[in-house]
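Inspection log for the structure reproduced underneath, given as structure tokens.
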Amino acid sequence: ASVSVGSLVEVVNWSTVNELTHRALDEGLLCTVSKAILISALQMKGIRCRRWLHGAVRDLMLSCRAEELTNLKNLIDGSGMYHNLYKLLYTDVSDLRCRAEVLAHLVREGTDLRAQLGHAAGVKVLSDIDDTLYSSG
């Protein structure tokens with residue numbers, strides 16, 4: 001049998017979500033794909049009005065550095081659904097402090113990675129224009 005992580009997150013209580021995010025992060029149990037799956041599940045749960053989940057998303061994002069962060073962003077955007085990085089940061093995470101922390105982290109890590117590589121490693125534009133064109137076209 002297969003279980004959707006989004007469905008699981010929807011039916012469990014806060015302590016289970018905490019175990020899946022914060023405790024697993026603290027113990028180093030999550031790979032990049034696991035973090036992306038959890039973020040996707042939290043988005044599907046509907047985190048905009050559940051501010052206590054914004055910290056979980058923030059912590060998952062802040063746990064990634066350099067190329068791991070690039071991979072996480074690509075995984076979040078690669079689902080083909082409307083749950084993407086732009087929606088996550090500008091709609092779902094309505095806590096302005098959490099949003100600012102994540103955005104500052106993205107800028108800092110992107111700058112550091114470019115300096116480390118000696119060149120740009122690609123640019124992730126946070127825009128929903130592609131979704132608009134895709135959905136209406």
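Each chain in the structure tokens gets a letter, A, B and so on, in the order shown; residues start at 1 in every chain, and ligands are counted from 1 in the order they appear.
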Near Ser15 of chain A, counting only C-alpha atoms, which residues have an atom at most 12 Å away, once you skip same-chain residues fewer than 5 positions from it, shown as a ChimeraX atom specification? /A:9,20-23,52-53,56
Per-residue DSSP, chain A, filtered to alpha helix (DSSP H), as a ChimeraX atom specification: /A:5-11,14-18,24-26,32-45,54-62,66-77,85-87,96-117,129-136
Can you write out the residues you just picked, keeping C-alpha atoms, as a CSV table (one decimal), in the first residue's frame?
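What follows is the written file out_38.csv:
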chain,number,residue,atom,x,y,z
A,5,VAL,CA,2.8,12.1,2.9
A,6,GLY,CA,0.4,15.0,2.3
A,7,SER,CA,-2.5,12.8,3.6
A,8,LEU,CA,-0.5,11.7,6.5
A,9,VAL,CA,0.4,15.2,7.5
A,10,GLU,CA,-3.3,16.2,7.2
A,11,VAL,CA,-4.5,13.6,9.7
A,14,TRP,CA,1.3,18.6,15.8
A,15,SER,CA,3.6,16.3,17.7
A,16,THR,CA,3.9,14.0,14.8
A,17,VAL,CA,4.6,16.8,12.4
A,18,ASN,CA,7.2,18.0,14.8
A,24,ALA,CA,14.3,14.4,12.1
A,25,LEU,CA,16.3,17.6,11.2
A,26,ASP,CA,18.0,17.6,14.6
A,32,THR,CA,17.1,16.7,0.3
A,33,VAL,CA,14.4,14.7,-1.3
A,34,SER,CA,12.8,13.9,2.1
A,35,LYS,CA,12.8,17.7,2.9
A,36,ALA,CA,11.1,18.5,-0.4
A,37,ILE,CA,8.5,15.8,0.2
A,38,LEU,CA,7.8,17.2,3.7
A,39,ILE,CA,7.5,20.8,2.4
A,40,SER,CA,5.2,19.6,-0.4
A,41,ALA,CA,3.1,17.8,2.1
A,42,LEU,CA,2.9,20.9,4.4
A,43,GLN,CA,1.9,23.0,1.3
A,44,MET,CA,-0.9,20.5,0.5
A,45,LYS,CA,-2.0,20.6,4.2
A,54,HIS,CA,5.7,28.2,9.0
A,55,GLY,CA,8.6,27.5,11.3
A,56,ALA,CA,8.8,23.9,10.1
A,57,VAL,CA,9.1,25.1,6.5
A,58,ARG,CA,11.7,27.7,7.5
A,59,ASP,CA,13.8,25.2,9.4
A,60,LEU,CA,13.7,22.7,6.5
A,61,MET,CA,14.8,25.4,4.0
A,62,LEU,CA,17.5,26.8,6.4
A,66,ALA,CA,24.9,25.5,-1.3
A,67,GLU,CA,24.0,22.9,-4.0
A,68,GLU,CA,21.7,21.1,-1.6
A,69,LEU,CA,19.6,24.3,-1.4
A,70,THR,CA,19.6,24.6,-5.2
A,71,ASN,CA,18.4,21.0,-5.4
A,72,LEU,CA,15.7,21.6,-2.8
A,73,LYS,CA,14.4,24.6,-4.7
A,74,ASN,CA,14.3,22.6,-8.0
A,75,LEU,CA,12.5,19.8,-6.3
A,76,ILE,CA,9.9,22.1,-4.9
A,77,ASP,CA,9.4,23.7,-8.3
A,85,LEU,CA,8.5,27.9,-4.5
A,86,TYR,CA,6.9,31.2,-5.4
A,87,LYS,CA,3.6,30.2,-3.8
A,96,LEU,CA,6.7,37.9,7.4
A,97,ARG,CA,9.6,37.1,9.8
A,98,CYS,CA,9.8,33.5,8.6
A,99,ARG,CA,9.5,34.6,5.0
A,100,ALA,CA,12.3,37.2,5.4
A,101,GLU,CA,14.6,34.6,7.1
A,102,VAL,CA,14.1,32.2,4.2
A,103,LEU,CA,14.6,34.8,1.5
A,104,ALA,CA,17.7,36.2,3.2
A,105,HIS,CA,19.0,32.6,3.4
A,106,LEU,CA,18.4,32.1,-0.4
A,107,VAL,CA,20.3,35.3,-1.2
A,108,ARG,CA,23.2,34.5,1.1
A,109,GLU,CA,23.6,30.9,-0.1
A,110,GLY,CA,23.3,31.9,-3.7
A,111,THR,CA,26.0,34.5,-3.3
A,112,ASP,CA,28.2,32.1,-1.4
A,113,LEU,CA,27.7,29.3,-4.0
A,114,ARG,CA,28.5,31.7,-6.9
A,115,ALA,CA,31.7,32.8,-5.1
A,116,GLN,CA,32.7,29.2,-4.4
A,117,LEU,CA,32.2,28.1,-8.0
A,129,ILE,CA,4.4,34.1,-14.8
A,130,ASP,CA,5.2,30.6,-16.0
A,131,ASP,CA,2.2,29.2,-14.1
A,132,THR,CA,0.0,32.0,-15.5
A,133,LEU,CA,1.1,31.2,-19.1
A,134,TYR,CA,0.8,27.5,-18.6
A,135,SER,CA,-2.6,27.6,-17.0
A,136,SER,CA,-4.1,30.0,-19.5
Within 8 Å of Ser94 of chain A using only C-alpha atoms, minus same-chain residues under 2 positions, as a PyMOL selection string: chain A and resi 48-49+51+54+89-92+96+99
